[in-house]
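Student: Have a look at the structure that comes next, please.
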Amino acid sequence: MSGTGKTILVLGGGVGGIVAANDLRRRLPARHEIVLVNREETFVFAPSLLWLLVGARRPEQISRPLRRLVRRGVSVTTGEVERIDADRREVLVGGRTLSADFIVIALVVLSALPVFGAVGSRTDADADSPRSVPALADSLAAGQLIQPEDLARLLANSTARQPAVLQVGFKVLFRSGHIPGSRYIGPASKPEGLAALKRALRKIPREQAIVLYCGCCPWADCPNVGPALHAAQELRSGNVGVLYIAKNLQHDWVEKGLPVSKGDQ
Ligand SMILES: Cc1cc2nc3c(=O)[nH]c(=O)nc-3n(C[C@H](O)[C@H](O)[C@H](O)COP(=O)(O)OP(=O)(O)OC[C@H]3O[C@@H](n4cnc5c(N)ncnc54)[C@H](O)[C@@H]3O)c2cc1C
């Protein structure tokens with residue numbers, strides 16, 4: 001951008017990116033350029049995917065063209081963010097390099113992308129440390145990742161020591177189907193959920209294994225299991241595992257015929 005105007009790239013056209021772009025547009029003079037970058041042209045309201053699954057909504061009821069959701073003065077670029085160089089303030093989008101003065105990252109799946117340079121996250125407790133969004137896979141030691149069939153086998157074995165299985169996702173998901181005997185804790189992506197998890201963990205005997213699970217969305221996109229694992233690792237020296245849900249609980253547990261309970265308990 002020429003003159004004194006700055007360019008702000010907002011990466012990710014989900015709720016976070018749209019709100020950030022619109023809020024910046026409202027606050028900043030028109031000489032500053034705001035560009036929202038998203039993989040698709042259309043915004044899908046993720047929580048309503050659950051209604052879509054049960055046939056209570058049609059796709060067009062839960063989606064809108066992104067361009068209609070941003071304020072005038074926010075431009076939308078469609079493409080895959082492939083690489084972020086925070087130090088050079090450059091982003092590779094669909095093979096094209098976009099330069100910026102500031103970059104807002106609202107992609108959720110940051111850990112799956114090559115990110116270079118210092119990246120801070122204001123939503124993390126350690127906001128000042130670089131790369132403060134942890135890569136879930138890096139945090140898992142061998143044996144901590146539990147496959148659905150293995151957990152189901154363990155839970156069915158009445159002579160085996162049973163783990164405490166904690167659901168760290170959304171209530172609506174727990175009610176519609178959860179692992180029998182598992183406890184609802186709440187979304188670990190939110191401060192209340194993390195606090196509830198820490199309270200629960202303090203009450204569970206140290207020798208009892210913990211298994212965390214969510215299943216709201218594909219593994220790399222899940223906002224909950226990563227923060228839950230990090231909180232559990234801080235509180236307990238070991239004995240913490242995470243259930244590997246590749247796509248979602250419906251696909252990786254229910255449709256495999258593994259046991260399910262519905263409702264609050
Ligand atoms: C089934 C389901 C139910 C949920 N229920 C609730 C609920 O009841 N309450 C609640 O608070 N939250 C709920 N959530 C979570 C909530 O939807 C998310 O926390 C929220 O959408 C996160 O918003 P975001 O903008 O940070 O990320 P997202 O909404 O994931 O947006 C990220 C955007 O970035 C884009 N993107 C990602 N990577 C790239 C890339 N490399 N290049 C270009 N674009 C990219 C994505 O396509 C997406 O548009 C639910 C989620 C799901 C899936």
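In the structure tokens, chains take letters A, B, ... by order of appearance, with residues numbered from 1 within each chain and ligands from 1 in the order shown.
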Around ligand 1, out to 9 Å and counting only C-alpha atoms and all ligand atoms, which residues are there? I want them as a ChimeraX atom specification.
Tutor: /A:11-19,37-51,78-83,93-94,105-110,112-113,169-173,187,189-190,215-218,221-224,248
Student: Glu90 of chain A: which residues within 7 Å, counting only C-alpha atoms, same-chain residues fewer than 5 positions away excluded, as a list in words?
Tutor: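 These residues fall inside the cut-off: Ile84, Asp85, Thr97, Leu98, Ser99 and Ala100 of chain A.
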Student: Set the distance at 12 Å and use only C-alpha atoms: which residues neighbour Leu243 of chain A once local chain neighbours fewer than 4 positions away are removed? I'd like the list as a PyMOL selection string.
Tutor: chain A and resi 140+143-152+163+165-168+179+210-215+219+225-226+228-229+247-249+252-253
Student: What would the file look like if the residues just selected were written as a tab-separated table (two decimals), in the first residue's frame with N, CA and C atoms?
Tutor:
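The resulting file, result.tsv, is reproduced below:
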chain	number	residue	atom	x	y	z
A	140	LEU	N	2.57	-35.09	21.98
A	140	LEU	CA	2.15	-36.44	22.31
A	140	LEU	C	3.32	-37.41	22.30
A	143	GLY	N	2.22	-43.79	22.70
A	143	GLY	CA	1.28	-44.41	23.61
A	143	GLY	C	0.22	-43.46	24.12
A	144	GLN	N	0.41	-42.16	23.93
A	144	GLN	CA	-0.59	-41.21	24.43
A	144	GLN	C	-1.77	-41.08	23.48
A	145	LEU	N	-1.56	-41.45	22.23
A	145	LEU	CA	-2.62	-41.35	21.25
A	145	LEU	C	-3.35	-42.69	21.23
A	146	ILE	N	-4.62	-42.67	21.60
A	146	ILE	CA	-5.36	-43.93	21.75
A	146	ILE	C	-6.34	-44.08	20.60
A	147	GLN	N	-6.34	-45.24	19.99
A	147	GLN	CA	-7.26	-45.49	18.87
A	147	GLN	C	-8.64	-45.85	19.42
A	148	PRO	N	-9.72	-45.47	18.72
A	148	PRO	CA	-11.07	-45.75	19.22
A	148	PRO	C	-11.31	-47.21	19.58
A	149	GLU	N	-10.88	-48.14	18.72
A	149	GLU	CA	-11.13	-49.56	19.00
A	149	GLU	C	-10.41	-50.00	20.28
A	150	ASP	N	-9.20	-49.46	20.51
A	150	ASP	CA	-8.44	-49.84	21.71
A	150	ASP	C	-9.14	-49.35	22.97
A	151	LEU	N	-9.66	-48.13	22.89
A	151	LEU	CA	-10.36	-47.60	24.07
A	151	LEU	C	-11.64	-48.40	24.33
A	152	ALA	N	-12.38	-48.70	23.25
A	152	ALA	CA	-13.63	-49.46	23.42
A	152	ALA	C	-13.33	-50.82	24.04
A	163	PRO	N	-9.78	-46.17	32.89
A	163	PRO	CA	-9.36	-44.77	32.90
A	163	PRO	C	-10.55	-43.85	33.18
A	165	VAL	N	-12.53	-41.13	31.56
A	165	VAL	CA	-12.66	-40.63	30.18
A	165	VAL	C	-13.41	-39.30	30.24
A	166	LEU	N	-12.76	-38.25	29.77
A	166	LEU	CA	-13.32	-36.90	29.91
A	166	LEU	C	-13.59	-36.29	28.55
A	167	GLN	N	-14.82	-35.82	28.36
A	167	GLN	CA	-15.18	-35.17	27.09
A	167	GLN	C	-14.94	-33.68	27.25
A	168	VAL	N	-14.04	-33.14	26.42
A	168	VAL	CA	-13.64	-31.74	26.57
A	168	VAL	C	-14.20	-30.90	25.41
A	179	ILE	N	-19.18	-41.32	24.76
A	179	ILE	CA	-18.65	-42.63	25.15
A	179	ILE	C	-19.24	-43.00	26.51
A	210	ILE	N	-6.00	-41.01	32.49
A	210	ILE	CA	-6.97	-40.04	31.96
A	210	ILE	C	-7.01	-40.21	30.45
A	211	VAL	N	-8.21	-40.23	29.88
A	211	VAL	CA	-8.33	-40.19	28.42
A	211	VAL	C	-9.21	-38.98	28.07
A	212	LEU	N	-8.66	-38.10	27.24
A	212	LEU	CA	-9.39	-36.91	26.83
A	212	LEU	C	-9.94	-37.13	25.42
A	213	TYR	N	-11.13	-36.62	25.16
A	213	TYR	CA	-11.62	-36.71	23.78
A	213	TYR	C	-12.58	-35.57	23.50
A	214	CYS	N	-12.74	-35.31	22.19
A	214	CYS	CA	-13.72	-34.29	21.77
A	214	CYS	C	-14.53	-34.87	20.62
A	215	GLY	N	-14.01	-34.76	19.39
A	215	GLY	CA	-14.73	-35.34	18.25
A	215	GLY	C	-15.68	-34.39	17.56
A	219	TRP	N	-9.28	-33.98	13.38
A	219	TRP	CA	-8.18	-33.92	14.35
A	219	TRP	C	-7.43	-32.60	14.31
A	225	VAL	N	-8.98	-30.47	22.01
A	225	VAL	CA	-8.10	-31.50	22.56
A	225	VAL	C	-6.69	-30.96	22.85
A	226	GLY	N	-6.22	-30.03	22.03
A	226	GLY	CA	-4.87	-29.47	22.26
A	226	GLY	C	-4.77	-28.76	23.59
A	228	ALA	N	-6.70	-29.01	26.12
A	228	ALA	CA	-6.98	-29.96	27.21
A	228	ALA	C	-5.73	-30.77	27.53
A	229	LEU	N	-5.05	-31.23	26.50
A	229	LEU	CA	-3.85	-32.03	26.72
A	229	LEU	C	-2.78	-31.22	27.45
A	247	LYS	N	-11.89	-37.84	12.06
A	247	LYS	CA	-12.84	-36.97	11.37
A	247	LYS	C	-13.82	-36.34	12.37
A	248	ASN	N	-14.60	-37.15	13.00
A	248	ASN	CA	-15.47	-36.69	14.08
A	248	ASN	C	-15.99	-37.92	14.82
A	249	LEU	N	-16.66	-37.69	15.95
A	249	LEU	CA	-17.08	-38.82	16.78
A	249	LEU	C	-18.07	-39.72	16.05
A	252	ASP	N	-15.88	-41.75	13.48
A	252	ASP	CA	-14.80	-42.59	14.00
A	252	ASP	C	-15.18	-43.43	15.22
A	253	TRP	N	-16.38	-43.21	15.73
A	253	TRP	CA	-16.80	-44.02	16.88
A	253	TRP	C	-18.18	-44.63	16.62
Student: Just list the residues in segment 6-232 of chain A DSSP gives alpha helix (DSSP H) on the backbone, as a PyMOL selection string.
Tutor: chain A and resi 15-27+49-53+136-139+148-156+171-176+191-203+225-232
Student: Please write the residues from the selection above to a file, keeping C-alpha atoms, as a tab-separated table (two decimals), in the first residue's frame.
Tutor:
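Dumped everything to out.tsv:
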chain	number	residue	atom	x	y	z
A	15	VAL	CA	-16.03	-16.31	12.98
A	16	GLY	CA	-12.67	-15.14	14.35
A	17	GLY	CA	-11.35	-13.75	11.06
A	18	ILE	CA	-14.61	-12.06	10.08
A	19	VAL	CA	-14.97	-10.36	13.46
A	20	ALA	CA	-11.30	-9.28	13.43
A	21	ALA	CA	-11.52	-7.88	9.88
A	22	ASN	CA	-14.79	-6.04	10.53
A	23	ASP	CA	-13.62	-4.65	13.83
A	24	LEU	CA	-10.36	-3.42	12.32
A	25	ARG	CA	-12.30	-1.83	9.46
A	26	ARG	CA	-14.52	-0.02	11.94
A	27	ARG	CA	-11.57	1.27	13.94
A	49	LEU	CA	-23.13	-28.52	11.16
A	50	LEU	CA	-24.63	-30.65	13.91
A	51	TRP	CA	-28.13	-29.64	12.77
A	52	LEU	CA	-27.14	-30.39	9.18
A	53	LEU	CA	-26.06	-33.89	10.26
A	136	LEU	CA	-0.73	-31.04	19.28
A	137	ALA	CA	1.23	-33.80	17.58
A	138	ASP	CA	4.51	-32.47	19.03
A	139	SER	CA	3.12	-32.80	22.53
A	148	PRO	CA	-11.07	-45.75	19.22
A	149	GLU	CA	-11.13	-49.56	19.00
A	150	ASP	CA	-8.44	-49.84	21.71
A	151	LEU	CA	-10.36	-47.60	24.07
A	152	ALA	CA	-13.63	-49.46	23.42
A	153	ARG	CA	-11.86	-52.77	24.14
A	154	LEU	CA	-10.40	-51.42	27.36
A	155	LEU	CA	-13.75	-50.04	28.54
A	156	ALA	CA	-15.44	-53.38	27.82
A	171	LYS	CA	-22.47	-29.94	25.40
A	172	VAL	CA	-24.66	-30.38	22.33
A	173	LEU	CA	-22.20	-32.97	21.03
A	174	PHE	CA	-22.08	-34.82	24.37
A	175	ARG	CA	-25.88	-34.96	24.55
A	176	SER	CA	-26.23	-36.26	21.02
A	191	PRO	CA	-11.37	-20.50	29.88
A	192	GLU	CA	-14.42	-21.95	31.70
A	193	GLY	CA	-13.84	-25.34	30.08
A	194	LEU	CA	-10.16	-25.34	30.99
A	195	ALA	CA	-10.97	-24.36	34.58
A	196	ALA	CA	-13.54	-27.17	34.79
A	197	LEU	CA	-10.98	-29.63	33.42
A	198	LYS	CA	-8.39	-28.60	36.00
A	199	ARG	CA	-10.95	-28.95	38.81
A	200	ALA	CA	-11.89	-32.43	37.57
A	201	LEU	CA	-8.26	-33.52	37.17
A	202	ARG	CA	-7.40	-32.48	40.73
A	203	LYS	CA	-10.09	-34.83	42.05
A	225	VAL	CA	-8.10	-31.50	22.56
A	226	GLY	CA	-4.87	-29.47	22.26
A	227	PRO	CA	-5.57	-27.06	25.14
A	228	ALA	CA	-6.98	-29.96	27.21
A	229	LEU	CA	-3.85	-32.03	26.72
A	230	HIS	CA	-1.57	-29.16	27.65
A	231	ALA	CA	-3.56	-28.42	30.81
A	232	ALA	CA	-3.55	-32.11	31.78
Student: Which one is closest to Glu33 of chain A: A:Arg57, A:Arg72, A:Arg64, A:Arg183? Count only C-alpha atoms.
Tutor: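 Looking at the shortest contact to Glu33 of chain A, the residue is A:Arg72.
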Student: When you draw a straight line from atom CA of His178 of chain A to atom CA of Val260 of chain A, how long is it in Å?
Tutor: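 The value is 5.5 Å.
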Student: Atom CA of Ile103 of chain A and atom CA of Lys6 of chain A are how many Å apart?
Tutor: 10.9 Å
Student: Pick from A:Ala160, A:Leu66, A:Val74, A:Val10: nearest to Arg31 of chain A, with only C-alpha atoms counted?
Tutor: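 Using only C-alpha atoms, Arg31 of chain A sits closest to A:Val74.
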Student: From a backbone DSSP assignment, name each residue in segment 16-244 of chain A labelled strand (DSSP E or B), as a count of residues only.
Tutor: 53
